[in-house]
>>> print(open('query_27.pdb').read())   # PDB, C-alpha atoms, pLDDT in the B column
ATOM      1  CA  MET A 277     -78.727 131.637 -11.442  1.00 59.00           C
ATOM      2  CA  ASN A 278     -77.538 134.711 -13.342  1.00 81.00           C
ATOM      3  CA  VAL A 279     -79.348 133.461 -16.454  1.00 84.00           C
ATOM      4  CA  LEU A 280     -82.603 133.160 -14.496  1.00 84.00           C
ATOM      5  CA  VAL A 281     -82.250 136.694 -13.157  1.00 85.00           C
ATOM      6  CA  ILE A 282     -81.514 138.089 -16.611  1.00 88.00           C
ATOM      7  CA  LEU A 283     -84.474 136.288 -18.181  1.00 88.00           C
ATOM      8  CA  THR A 284     -86.745 137.481 -15.364  1.00 87.00           C
ATOM      9  CA  VAL A 285     -85.654 141.080 -15.912  1.00 88.00           C
ATOM     10  CA  ILE A 286     -86.183 140.748 -19.682  1.00 90.00           C
ATOM     11  CA  LEU A 287     -89.663 139.355 -19.084  1.00 88.00           C
ATOM     12  CA  LEU A 288     -90.501 142.192 -16.692  1.00 88.00           C
ATOM     13  CA  VAL A 289     -89.253 144.866 -19.111  1.00 90.00           C
ATOM     14  CA  LEU A 290     -91.169 143.398 -22.051  1.00 90.00           C
ATOM     15  CA  MET A 291     -94.375 143.025 -20.041  1.00 88.00           C
ATOM     16  CA  VAL A 292     -94.165 146.620 -18.838  1.00 88.00           C
ATOM     17  CA  LEU A 293     -93.260 148.045 -22.279  1.00 90.00           C
ATOM     18  CA  ILE A 294     -95.949 146.106 -24.124  1.00 88.00           C
ATOM     19  CA  GLY A 295     -98.637 145.777 -21.472  1.00 81.00           C
ATOM     20  CA  GLY A 296     -98.072 148.967 -19.539  1.00 83.00           C
ATOM     21  CA  LYS A 297     -99.722 149.044 -16.128  1.00 84.00           C
ATOM     22  CA  LYS A 298    -101.587 145.821 -16.791  1.00 83.00           C
ATOM     23  CA  GLY A 299     -98.361 144.143 -17.889  1.00 85.00           C
ATOM     24  CA  ALA A 300     -96.708 145.119 -14.605  1.00 87.00           C
ATOM     25  CA  ARG A 301     -99.716 143.762 -12.722  1.00 88.00           C
ATOM     26  CA  SER A 302     -99.431 140.521 -14.683  1.00 87.00           C
ATOM     27  CA  PHE A 303     -95.787 140.125 -13.677  1.00 88.00           C
ATOM     28  CA  VAL A 304     -96.606 140.740 -10.015  1.00 89.00           C
ATOM     29  CA  ALA A 305     -99.461 138.227 -10.358  1.00 89.00           C
ATOM     30  CA  LEU A 306     -96.924 135.614 -11.489  1.00 88.00           C
ATOM     31  CA  LEU A 307     -94.970 136.156  -8.295  1.00 89.00           C
ATOM     32  CA  PHE A 308     -98.145 135.934  -6.196  1.00 90.00           C
ATOM     33  CA  ASN A 309     -99.142 132.702  -7.938  1.00 89.00           C
ATOM     34  CA  PHE A 310     -95.720 131.235  -7.243  1.00 89.00           C
ATOM     35  CA  VAL A 311     -95.978 132.152  -3.553  1.00 91.00           C
ATOM     36  CA  VAL A 312     -99.458 130.624  -3.293  1.00 90.00           C
ATOM     37  CA  LEU A 313     -98.353 127.352  -4.888  1.00 88.00           C
ATOM     38  CA  PHE A 314     -95.143 127.249  -2.860  1.00 90.00           C
ATOM     39  CA  PHE A 315     -96.944 127.517   0.475  1.00 91.00           C
ATOM     40  CA  THR A 316     -99.640 125.099  -0.698  1.00 89.00           C
ATOM     41  CA  ILE A 317     -96.970 122.490  -1.395  1.00 85.00           C
ATOM     42  CA  LEU A 318     -95.471 123.097   2.059  1.00 87.00           C
ATOM     43  CA  PHE A 319     -98.857 122.562   3.708  1.00 86.00           C
ATOM     44  CA  MET A 320     -99.331 119.358   1.693  1.00 82.00           C
ATOM     45  CA  THR A 321     -96.385 117.782   3.477  1.00 80.00           C
ATOM     46  CA  ASP A 322     -98.525 117.668   6.625  1.00 80.00           C
ATOM     47  CA  PRO A 323    -100.007 114.127   6.820  1.00 78.00           C
ATOM     48  CA  ASN A 324    -103.197 115.555   8.356  1.00 82.00           C
ATOM     49  CA  ALA A 325    -103.795 117.934   5.456  1.00 82.00           C
ATOM     50  CA  ASN A 326    -106.113 117.111   2.548  1.00 84.00           C
ATOM     51  CA  PRO A 327    -104.300 117.883  -0.741  1.00 84.00           C
ATOM     52  CA  ILE A 328    -107.586 118.286  -2.645  1.00 83.00           C
ATOM     53  CA  ILE A 329    -108.967 120.907  -0.268  1.00 87.00           C
ATOM     54  CA  LEU A 330    -105.638 122.730  -0.159  1.00 88.00           C
ATOM     55  CA  ILE A 331    -105.317 122.879  -3.936  1.00 87.00           C
ATOM     56  CA  LEU A 332    -108.945 124.002  -4.353  1.00 88.00           C
ATOM     57  CA  LEU A 333    -108.311 126.869  -1.946  1.00 90.00           C
ATOM     58  CA  ALA A 334    -105.069 127.682  -3.775  1.00 89.00           C
ATOM     59  CA  CYS A 335    -106.784 127.602  -7.190  1.00 88.00           C
ATOM     60  CA  THR A 336    -109.548 129.879  -5.904  1.00 90.00           C
ATOM     61  CA  LEU A 337    -106.937 132.348  -4.691  1.00 91.00           C
ATOM     62  CA  ILE A 338    -105.020 132.066  -7.970  1.00 90.00           C
ATOM     63  CA  SER A 339    -108.236 132.736  -9.900  1.00 89.00           C
ATOM     64  CA  CYS A 340    -108.836 135.868  -7.810  1.00 90.00           C
ATOM     65  CA  ILE A 341    -105.290 137.067  -8.456  1.00 90.00           C
ATOM     66  CA  ASN A 342    -105.397 136.424 -12.208  1.00 87.00           C
ATOM     67  CA  LEU A 343    -108.847 137.947 -12.652  1.00 87.00           C
ATOM     68  CA  PHE A 344    -109.359 140.670 -10.058  1.00 89.00           C
ATOM     69  CA  PHE A 345    -105.791 141.807  -9.469  1.00 87.00           C
ATOM     70  CA  ILE A 346    -104.841 141.996 -13.146  1.00 85.00           C
ATOM     71  CA  ASN A 347    -108.170 143.096 -14.661  1.00 84.00           C
ATOM     72  CA  GLU A 348    -109.720 144.725 -11.561  1.00 83.00           C
ATOM     73  CA  VAL A 349    -113.191 144.017 -10.207  1.00 85.00           C
ATOM     74  CA  ASN A 350    -115.843 144.459 -12.908  1.00 86.00           C
ATOM     75  CA  ILE A 351    -118.668 142.564 -14.550  1.00 87.00           C
ATOM     76  CA  LYS A 352    -116.419 140.580 -16.898  1.00 87.00           C
ATOM     77  CA  THR A 353    -114.048 139.402 -14.155  1.00 89.00           C
ATOM     78  CA  LYS A 354    -116.941 138.571 -11.829  1.00 90.00           C
ATOM     79  CA  THR A 355    -118.662 136.409 -14.451  1.00 90.00           C
ATOM     80  CA  ALA A 356    -115.345 134.784 -15.398  1.00 90.00           C
ATOM     81  CA  PHE A 357    -114.681 133.973 -11.733  1.00 92.00           C
ATOM     82  CA  VAL A 358    -118.142 132.481 -11.194  1.00 92.00           C
ATOM     83  CA  SER A 359    -117.757 130.454 -14.401  1.00 90.00           C
ATOM     84  CA  THR A 360    -114.382 129.143 -13.222  1.00 90.00           C
ATOM     85  CA  ILE A 361    -115.790 128.048  -9.858  1.00 90.00           C
ATOM     86  CA  VAL A 362    -118.833 126.374 -11.440  1.00 90.00           C
ATOM     87  CA  THR A 363    -116.614 124.529 -13.924  1.00 88.00           C
ATOM     88  CA  PHE A 364    -114.323 123.297 -11.161  1.00 85.00           C
ATOM     89  CA  VAL A 365    -117.226 122.071  -9.051  1.00 85.00           C
ATOM     90  CA  LEU A 366    -118.566 120.075 -12.005  1.00 86.00           C
ATOM     91  CA  LEU A 367    -115.110 118.872 -13.007  1.00 85.00           C
ATOM     92  CA  LEU A 368    -113.949 117.857  -9.533  1.00 84.00           C
ATOM     93  CA  PHE A 369    -116.150 114.767  -9.265  1.00 83.00           C
ATOM     94  CA  PHE A 370    -115.151 113.734 -12.777  1.00 84.00           C
ATOM     95  CA  ILE A 371    -111.440 114.138 -11.963  1.00 82.00           C
ATOM     96  CA  VAL A 372    -111.740 112.038  -8.802  1.00 81.00           C
ATOM     97  CA  PHE A 373    -113.626 109.289 -10.660  1.00 82.00           C
ATOM     98  CA  VAL A 374    -111.159 109.193 -13.566  1.00 80.00           C
ATOM     99  CA  THR A 375    -108.116 109.231 -11.273  1.00 77.00           C
ATOM    100  CA  GLU A 376    -109.439 106.332  -9.198  1.00 76.00           C
ATOM    101  CA  SER A 377    -110.372 104.366 -12.327  1.00 76.00           C
ATOM    102  CA  ALA A 378    -107.032 104.903 -14.091  1.00 71.00           C
ATOM    103  CA  MET A 379    -105.002 104.299 -10.901  1.00 69.00           C
ATOM    104  CA  ILE A 380    -102.328 106.802 -11.867  1.00 65.00           C
ATOM    105  CA  GLN A 381    -101.380 107.690  -8.306  1.00 62.00           C
ATOM    106  CA  GLY A 382     -97.847 107.025  -7.123  1.00 60.00           C
ATOM    107  CA  PHE A 383     -94.659 106.581  -9.141  1.00 59.00           C
ATOM    108  CA  GLY A 384     -94.246 104.788 -12.432  1.00 58.00           C
ATOM    109  CA  THR A 385     -91.691 102.101 -13.229  1.00 61.00           C
ATOM    110  CA  GLU A 386     -89.496 104.686 -14.940  1.00 56.00           C
ATOM    111  CA  GLU A 387     -89.421 106.836 -11.790  1.00 56.00           C
ATOM    112  CA  ILE A 388     -89.250 104.275  -9.008  1.00 58.00           C
ATOM    113  CA  ASP A 389     -85.555 103.462  -9.614  1.00 59.00           C
ATOM    114  CA  ASP A 390     -84.635 107.086  -8.912  1.00 57.00           C
ATOM    115  CA  TYR A 391     -86.440 107.015  -5.572  1.00 56.00           C
ATOM    116  CA  SER A 392     -85.648 103.437  -4.523  1.00 56.00           C
ATOM    117  CA  THR A 393     -83.236 104.637  -1.836  1.00 57.00           C
ATOM    118  CA  PHE A 394     -85.920 106.783  -0.170  1.00 57.00           C
ATOM    119  CA  SER A 395     -88.887 105.710   1.935  1.00 57.00           C
ATOM    120  CA  LEU A 396     -92.226 106.145   0.163  1.00 60.00           C
ATOM    121  CA  PHE A 397     -94.185 105.987   3.420  1.00 62.00           C
ATOM    122  CA  VAL A 398     -94.551 109.762   3.696  1.00 62.00           C
ATOM    123  CA  GLY A 399     -98.094 109.719   5.092  1.00 64.00           C
ATOM    124  CA  ILE A 400     -99.667 111.388   2.043  1.00 71.00           C
ATOM    125  CA  ASP A 401    -102.595 109.977   0.087  1.00 69.00           C
ATOM    126  CA  PHE A 402    -101.131 109.657  -3.419  1.00 73.00           C
ATOM    127  CA  MET A 403    -104.580 109.393  -4.999  1.00 76.00           C
ATOM    128  CA  LYS A 404    -105.587 112.768  -3.572  1.00 78.00           C
ATOM    129  CA  LEU A 405    -102.210 114.130  -4.618  1.00 78.00           C
ATOM    130  CA  ALA A 406    -102.811 112.933  -8.201  1.00 78.00           C
ATOM    131  CA  VAL A 407    -106.195 114.706  -8.198  1.00 80.00           C
ATOM    132  CA  ALA A 408    -104.517 117.870  -6.908  1.00 83.00           C
ATOM    133  CA  VAL A 409    -101.936 117.713  -9.725  1.00 81.00           C
ATOM    134  CA  ILE A 410    -104.651 117.492 -12.386  1.00 81.00           C
ATOM    135  CA  ILE A 411    -106.610 120.363 -10.835  1.00 84.00           C
ATOM    136  CA  THR A 412    -103.493 122.531 -10.747  1.00 83.00           C
ATOM    137  CA  SER A 413    -102.774 121.731 -14.396  1.00 80.00           C
ATOM    138  CA  THR A 414    -106.255 122.818 -15.503  1.00 83.00           C
ATOM    139  CA  ILE A 415    -106.696 126.060 -13.549  1.00 84.00           C
ATOM    140  CA  GLY A 416    -104.685 128.219 -15.944  1.00 82.00           C
ATOM    141  CA  ALA A 417    -106.513 127.057 -19.065  1.00 83.00           C
ATOM    142  CA  ILE A 418    -109.964 127.422 -17.499  1.00 87.00           C
ATOM    143  CA  VAL A 419    -109.342 130.941 -16.182  1.00 88.00           C
ATOM    144  CA  ASP A 420    -107.858 131.969 -19.529  1.00 87.00           C
ATOM    145  CA  ILE A 421    -110.862 130.679 -21.472  1.00 88.00           C
ATOM    146  CA  ALA A 422    -113.345 132.260 -19.055  1.00 89.00           C
ATOM    147  CA  ILE A 423    -111.895 135.775 -19.321  1.00 90.00           C
ATOM    148  CA  SER A 424    -111.306 135.370 -23.072  1.00 88.00           C
ATOM    149  CA  ILE A 425    -115.041 134.819 -23.540  1.00 90.00           C
ATOM    150  CA  SER A 426    -116.490 137.217 -20.955  1.00 90.00           C
ATOM    151  CA  SER A 427    -114.319 140.165 -22.027  1.00 88.00           C
ATOM    152  CA  PRO A 428    -115.443 140.368 -25.706  1.00 88.00           C
ATOM    153  CA  MET A 429    -119.023 139.621 -24.653  1.00 88.00           C
ATOM    154  CA  ARG A 430    -118.852 142.620 -22.326  1.00 88.00           C
ATOM    155  CA  GLU A 431    -117.601 144.831 -25.166  1.00 86.00           C
ATOM    156  CA  LEU A 432    -120.339 143.612 -27.498  1.00 85.00           C
ATOM    157  CA  SER A 433    -123.003 144.245 -24.890  1.00 83.00           C
ATOM    158  CA  TYR A 434    -121.624 147.709 -24.193  1.00 83.00           C
ATOM    159  CA  HIS A 435    -121.659 148.772 -27.848  1.00 82.00           C
ATOM    160  CA  ASN A 436    -124.893 146.916 -28.652  1.00 82.00           C
ATOM    161  CA  PRO A 437    -127.105 147.252 -25.565  1.00 80.00           C
ATOM    162  CA  SER A 438    -130.121 146.030 -27.529  1.00 78.00           C
ATOM    163  CA  MET A 439    -128.667 142.508 -27.872  1.00 80.00           C
ATOM    164  CA  GLY A 440    -130.866 139.880 -26.241  1.00 80.00           C
ATOM    165  CA  ARG A 441    -129.686 137.165 -23.896  1.00 83.00           C
ATOM    166  CA  LYS A 442    -129.938 134.399 -26.501  1.00 85.00           C
ATOM    167  CA  GLU A 443    -128.078 136.399 -29.136  1.00 87.00           C
ATOM    168  CA  LEU A 444    -125.347 137.301 -26.683  1.00 88.00           C
ATOM    169  CA  PHE A 445    -125.060 133.673 -25.570  1.00 89.00           C
ATOM    170  CA  LEU A 446    -124.676 132.474 -29.159  1.00 89.00           C
ATOM    171  CA  THR A 447    -122.020 135.118 -29.729  1.00 88.00           C
ATOM    172  CA  GLY A 448    -120.105 133.861 -26.694  1.00 87.00           C
ATOM    173  CA  MET A 449    -120.362 130.307 -27.990  1.00 89.00           C
ATOM    174  CA  SER A 450    -119.008 131.440 -31.344  1.00 88.00           C
ATOM    175  CA  ILE A 451    -116.062 133.110 -29.643  1.00 87.00           C
ATOM    176  CA  GLY A 452    -115.462 129.963 -27.607  1.00 86.00           C
ATOM    177  CA  ARG A 453    -115.426 127.725 -30.671  1.00 85.00           C
ATOM    178  CA  ASP A 454    -112.730 129.905 -32.232  1.00 82.00           C
ATOM    179  CA  ILE A 455    -110.386 129.525 -29.261  1.00 85.00           C
ATOM    180  CA  LEU A 456    -111.256 125.935 -28.321  1.00 82.00           C
ATOM    181  CA  GLY A 457    -108.946 124.359 -30.897  1.00 76.00           C
ATOM    182  CA  THR A 458    -105.965 126.570 -30.122  1.00 78.00           C
ATOM    183  CA  SER A 459    -106.354 126.029 -26.374  1.00 78.00           C
ATOM    184  CA  THR A 460    -106.445 122.242 -26.628  1.00 76.00           C
ATOM    185  CA  ASN A 461    -103.466 122.320 -29.009  1.00 78.00           C
ATOM    186  CA  THR A 462    -101.565 124.439 -26.484  1.00 78.00           C
ATOM    187  CA  LEU A 463    -102.166 121.822 -23.795  1.00 75.00           C
ATOM    188  CA  PHE A 464    -101.153 119.038 -26.173  1.00 75.00           C
ATOM    189  CA  PHE A 465     -97.881 120.615 -27.272  1.00 77.00           C
ATOM    190  CA  ALA A 466     -97.052 121.628 -23.690  1.00 73.00           C
ATOM    191  CA  PHE A 467     -97.086 117.906 -22.826  1.00 69.00           C
ATOM    192  CA  PHE A 468     -94.774 116.932 -25.682  1.00 70.00           C
ATOM    193  CA  GLY A 469     -92.481 119.852 -24.964  1.00 72.00           C
ATOM    194  CA  GLY A 470     -92.192 119.014 -21.285  1.00 68.00           C
ATOM    195  CA  TYR A 471     -91.905 115.233 -21.762  1.00 69.00           C
ATOM    196  CA  LEU A 472     -89.850 115.058 -24.946  1.00 72.00           C
ATOM    197  CA  ALA A 473     -86.934 113.539 -23.008  1.00 70.00           C
ATOM    198  CA  LEU A 474     -89.256 110.862 -21.599  1.00 71.00           C
ATOM    199  CA  LEU A 475     -90.475 109.945 -25.082  1.00 72.00           C
ATOM    200  CA  ILE A 476     -86.869 109.672 -26.265  1.00 74.00           C
ATOM    201  CA  MET A 477     -86.117 107.422 -23.285  1.00 72.00           C
ATOM    202  CA  PHE A 478     -89.055 105.183 -24.260  1.00 71.00           C
ATOM    203  CA  LYS A 479     -87.426 104.798 -27.671  1.00 70.00           C
ATOM    204  CA  ASP A 480     -83.971 104.085 -26.215  1.00 69.00           C
ATOM    205  CA  VAL A 481     -85.303 101.291 -23.986  1.00 69.00           C
ATOM    206  CA  SER A 482     -87.203  99.858 -26.970  1.00 72.00           C
ATOM    207  CA  TYR A 483     -90.685 100.293 -25.521  1.00 72.00           C
ATOM    208  CA  SER A 484     -93.459  99.117 -27.798  1.00 72.00           C
ATOM    209  CA  ILE A 485     -96.466 101.339 -28.507  1.00 74.00           C
ATOM    210  CA  GLY A 486     -98.471  99.217 -26.095  1.00 72.00           C
ATOM    211  CA  GLN A 487     -95.929  99.655 -23.314  1.00 70.00           C
ATOM    212  CA  ILE A 488     -95.804 103.408 -23.888  1.00 71.00           C
ATOM    213  CA  VAL A 489     -99.568 103.974 -23.775  1.00 70.00           C
ATOM    214  CA  ASN A 490     -99.830 101.751 -20.681  1.00 70.00           C
ATOM    215  CA  SER A 491     -96.967 103.461 -18.878  1.00 73.00           C
ATOM    216  CA  LYS A 492     -98.202 105.202 -15.727  1.00 72.00           C
ATOM    217  CA  VAL A 493     -96.163 108.337 -16.470  1.00 73.00           C
ATOM    218  CA  PHE A 494     -97.542 108.615 -19.998  1.00 75.00           C
ATOM    219  CA  VAL A 495    -101.127 107.883 -18.938  1.00 76.00           C
ATOM    220  CA  ALA A 496    -100.966 110.428 -16.102  1.00 76.00           C
ATOM    221  CA  GLU A 497     -99.855 113.191 -18.460  1.00 77.00           C
ATOM    222  CA  MET A 498    -102.331 112.289 -21.193  1.00 78.00           C
ATOM    223  CA  LEU A 499    -105.080 112.147 -18.594  1.00 81.00           C
ATOM    224  CA  THR A 500    -104.159 115.633 -17.456  1.00 80.00           C
ATOM    225  CA  ILE A 501    -104.319 116.924 -21.039  1.00 80.00           C
ATOM    226  CA  LEU A 502    -107.663 115.271 -21.731  1.00 82.00           C
ATOM    227  CA  VAL A 503    -109.243 116.460 -18.472  1.00 83.00           C
ATOM    228  CA  ALA A 504    -107.936 119.982 -19.076  1.00 82.00           C
ATOM    229  CA  GLY A 505    -109.412 119.876 -22.592  1.00 83.00           C
ATOM    230  CA  ILE A 506    -112.745 118.701 -21.184  1.00 86.00           C
ATOM    231  CA  GLY A 507    -112.592 121.517 -18.635  1.00 86.00           C
ATOM    232  CA  VAL A 508    -111.953 124.051 -21.401  1.00 86.00           C
ATOM    233  CA  ALA A 509    -114.896 122.690 -23.396  1.00 88.00           C
ATOM    234  CA  PHE A 510    -117.138 122.876 -20.305  1.00 88.00           C
ATOM    235  CA  THR A 511    -116.038 126.427 -19.586  1.00 89.00           C
ATOM    236  CA  ILE A 512    -117.242 127.801 -22.923  1.00 90.00           C
ATOM    237  CA  PRO A 513    -121.030 127.260 -22.560  1.00 92.00           C
ATOM    238  CA  ILE A 514    -120.910 127.928 -18.813  1.00 92.00           C
ATOM    239  CA  THR A 515    -119.134 131.268 -19.259  1.00 91.00           C
ATOM    240  CA  ALA A 516    -121.304 132.246 -22.216  1.00 90.00           C
ATOM    241  CA  ALA A 517    -124.509 131.482 -20.287  1.00 91.00           C
ATOM    242  CA  ILE A 518    -123.470 133.192 -17.035  1.00 91.00           C
ATOM    243  CA  THR A 519    -122.078 136.255 -18.818  1.00 90.00           C
ATOM    244  CA  ALA A 520    -125.142 136.625 -21.060  1.00 89.00           C
ATOM    245  CA  PHE A 521    -127.449 136.383 -18.058  1.00 89.00           C
ATOM    246  CA  ALA A 522    -125.441 138.903 -16.026  1.00 87.00           C
ATOM    247  CA  LEU A 523    -124.999 141.418 -18.850  1.00 84.00           C
ATOM    248  CA  VAL A 524    -128.616 141.417 -20.052  1.00 79.00           C
ATOM    249  CA  ARG A 525    -129.867 141.570 -16.481  1.00 67.00           C
ATOM    250  CA  LYS A 526    -127.591 144.551 -15.823  1.00 55.00           C
ATOM    251  CA  ASN A 527    -128.788 146.308 -18.969  1.00 51.00           C
ATOM    252  CA  ASP A 528    -132.412 145.742 -17.929  1.00 48.00           C
TER     253      ASP A 528
END
>>> encode(input="query_27.pdb", output="structure tokens")
Amino acid sequence: MNVLVILTVILLVLMVLIGGKKGARSFVALLFNFVVLFFTILFMTDPNANPIILILLACTLISCINLFFINEVNIKTKTAFVSTIVTFVLLLFFIVFVTESAMIQGFGTEEIDDYSTFSLFVGIDFMKLAVAVIITSTIGAIVDIAISISSPMRELSYHNPSMGRKELFLTGMSIGRDILGTSTNTLFFAFFGGYLALLIMFKDVSYSIGQIVNSKVFVAEMLTILVAGIGVAFTIPITAAITAFALVRKND
């Protein structure tokens, strides 16, 4: 526990020293995000609650915290927020379809032994819970991409007010292409970093490549990465289009 406290203090000091006021806001936003997710998980334990609706409300609140609390209310955060919501609406139906088709809900063979002594009849729809997990895993990447595109587009529009909507849109797309590869790589390496022990276990139990790629645990994580990458790719043209429309309209 002492190590966690020390690391938290170090993080706070570094964020304040490097980021100043905005760094302090970012640290407070982390705490707010944790509180939102914590209470969302508590509400999910109610059998009458819908995990998908709960997580959508939580992600909307998290988006507001990360955009408006940290960067204040302005044209770039407004367009980033609208882009995030539009992306999630489009992505939600795709996530539900993919989750039902892949049948990744519930526990995998590697996990079931650990929970064999507990009752799995908890009154929660595991399919909806799997959808909620994927949505939660994609919110951070989508919000990050949205603000990373809208912010430089706002600066370009401010310093070059004569830029047309099409030119500004193409500039946003160019910015998006530059960060698309790094964002998808971040998601990919986050999976391997978090599930390195699982991959080692697959080797120790002599799983073949076929058994690994058909393992429910592996498929669920890869599905999350791929859906998050698709969400990031969707976010780029959506954010570029919405931001270009809003900025040129404001200049007019």
>>> atom_distance(input="query_27.pdb", atom1="atom CA of A:Ala334", atom2="atom CA of A:Ile451")
28.6 Å
>>> atom_distance(input="query_27.pdb", atom1="atom CA of A:Val358", atom2="atom CA of A:Ala408")
20.4 Å
>>> residues_near_point(input="query_27.pdb", point="(-120.3, 135.6, -29.5)", cutoff="10 Å", atoms="only C-alpha atoms", output="list in words")
Ile425, Ser426, Pro428, Met429, Leu432, Glu443, Leu444, Phe445, Leu446, Thr447, Gly448, Met449, Ser450, Ile451, Gly452, Arg453, Asp454, Ala516 and Ala520 of chain A
>>> residues_around(input="query_27.pdb", residues="stretch 306-319 of chain A", least_positions_apart="3", cutoff="8 Å", atoms="all atoms listed in the file", output="NGL selection string")
:A and (302-303 or 322 or 325 or 330-331 or 334 or 337-338 or 341)
>>> closest_residue(input="query_27.pdb", among="A:Leu280, A:Met291, A:Ile410, A:Val372", to="A:Glu497", atoms="only C-alpha atoms")
A:Ile410
>>> closest_residue(input="query_27.pdb", among="A:Val493, A:Leu343, A:Leu499, A:Val292", to="A:Leu474", atoms="only C-alpha atoms")
A:Val493
>>> resolve_selection(input="query_27.pdb", expression="the PyMOL selection byres ((chain A and resi 423) around 9)", output="PyMOL selection string")
chain A and resi 343+352-353+355-357+418-422+424-428+515
>>> closest_residue(input="query_27.pdb", among="A:Thr336, A:Ser438, A:Asn278, A:Asn350", to="A:Val365", atoms="all atoms listed in the file")
A:Thr336
>>> closest_residue(input="query_27.pdb", among="A:Val362, A:Ile294, A:Ala466, A:Val489", to="A:Ala517", atoms="all atoms listed in the file")
A:Val362
>>> residues_around(input="query_27.pdb", residues="A:Thr414", least_positions_apart="3", cutoff="9 Å", atoms="only C-alpha atoms", output="number ranges by chain")
A: 409-411, 417-419, 500-501, 503-505, 507-508
>>> atom_distance(input="query_27.pdb", atom1="atom CA of A:Leu288", atom2="atom CA of A:Cys340")
21.3 Å
>>> closest_residue(input="query_27.pdb", among="A:Ile328, A:Ala378, A:Ala473, A:Leu283", to="A:Lys404", atoms="only C-alpha atoms")
A:Ile328
>>> closest_residue(input="query_27.pdb", among="A:Ile506, A:Ile512, A:Thr458, A:Thr321", to="A:Ile371", atoms="all atoms listed in the file")
A:Ile506
>>> build_atoms(input="query_27.pdb", residues="stretch 418-432 of chain A", atoms="N, CA and C atoms", output="CSV table (one decimal), keeping the file's coordinate frame")
chain,number,residue,atom,x,y,z
A,418,ILE,N,-108.6,127.1,-17.8
A,418,ILE,CA,-110.0,127.4,-17.5
A,418,ILE,C,-110.1,128.9,-17.3
A,419,VAL,N,-109.3,129.5,-16.4
A,419,VAL,CA,-109.3,130.9,-16.2
A,419,VAL,C,-109.1,131.7,-17.5
A,420,ASP,N,-108.2,131.3,-18.3
A,420,ASP,CA,-107.9,132.0,-19.5
A,420,ASP,C,-109.0,131.9,-20.5
A,421,ILE,N,-109.7,130.8,-20.6
A,421,ILE,CA,-110.9,130.7,-21.5
A,421,ILE,C,-112.0,131.5,-21.0
A,422,ALA,N,-112.2,131.5,-19.6
A,422,ALA,CA,-113.3,132.3,-19.1
A,422,ALA,C,-113.2,133.8,-19.3
A,423,ILE,N,-112.1,134.3,-19.1
A,423,ILE,CA,-111.9,135.8,-19.3
A,423,ILE,C,-111.8,136.1,-20.8
A,424,SER,N,-111.4,135.1,-21.6
A,424,SER,CA,-111.3,135.4,-23.1
A,424,SER,C,-112.7,135.4,-23.7
A,425,ILE,N,-113.7,134.8,-23.0
A,425,ILE,CA,-115.0,134.8,-23.5
A,425,ILE,C,-115.8,136.0,-22.9
A,426,SER,N,-115.7,136.2,-21.6
A,426,SER,CA,-116.5,137.2,-21.0
A,426,SER,C,-116.1,138.6,-21.4
A,427,SER,N,-114.8,138.8,-21.7
A,427,SER,CA,-114.3,140.2,-22.0
A,427,SER,C,-114.9,140.7,-23.4
A,428,PRO,N,-114.8,139.9,-24.5
A,428,PRO,CA,-115.4,140.4,-25.7
A,428,PRO,C,-117.0,140.4,-25.6
A,429,MET,N,-117.6,139.6,-24.8
A,429,MET,CA,-119.0,139.6,-24.7
A,429,MET,C,-119.4,140.9,-24.0
A,430,ARG,N,-118.6,141.3,-23.0
A,430,ARG,CA,-118.9,142.6,-22.3
A,430,ARG,C,-118.7,143.8,-23.3
A,431,GLU,N,-117.8,143.8,-24.2
A,431,GLU,CA,-117.6,144.8,-25.2
A,431,GLU,C,-118.8,144.8,-26.1
A,432,LEU,N,-119.2,143.7,-26.6
A,432,LEU,CA,-120.3,143.6,-27.5
A,432,LEU,C,-121.6,144.1,-26.8
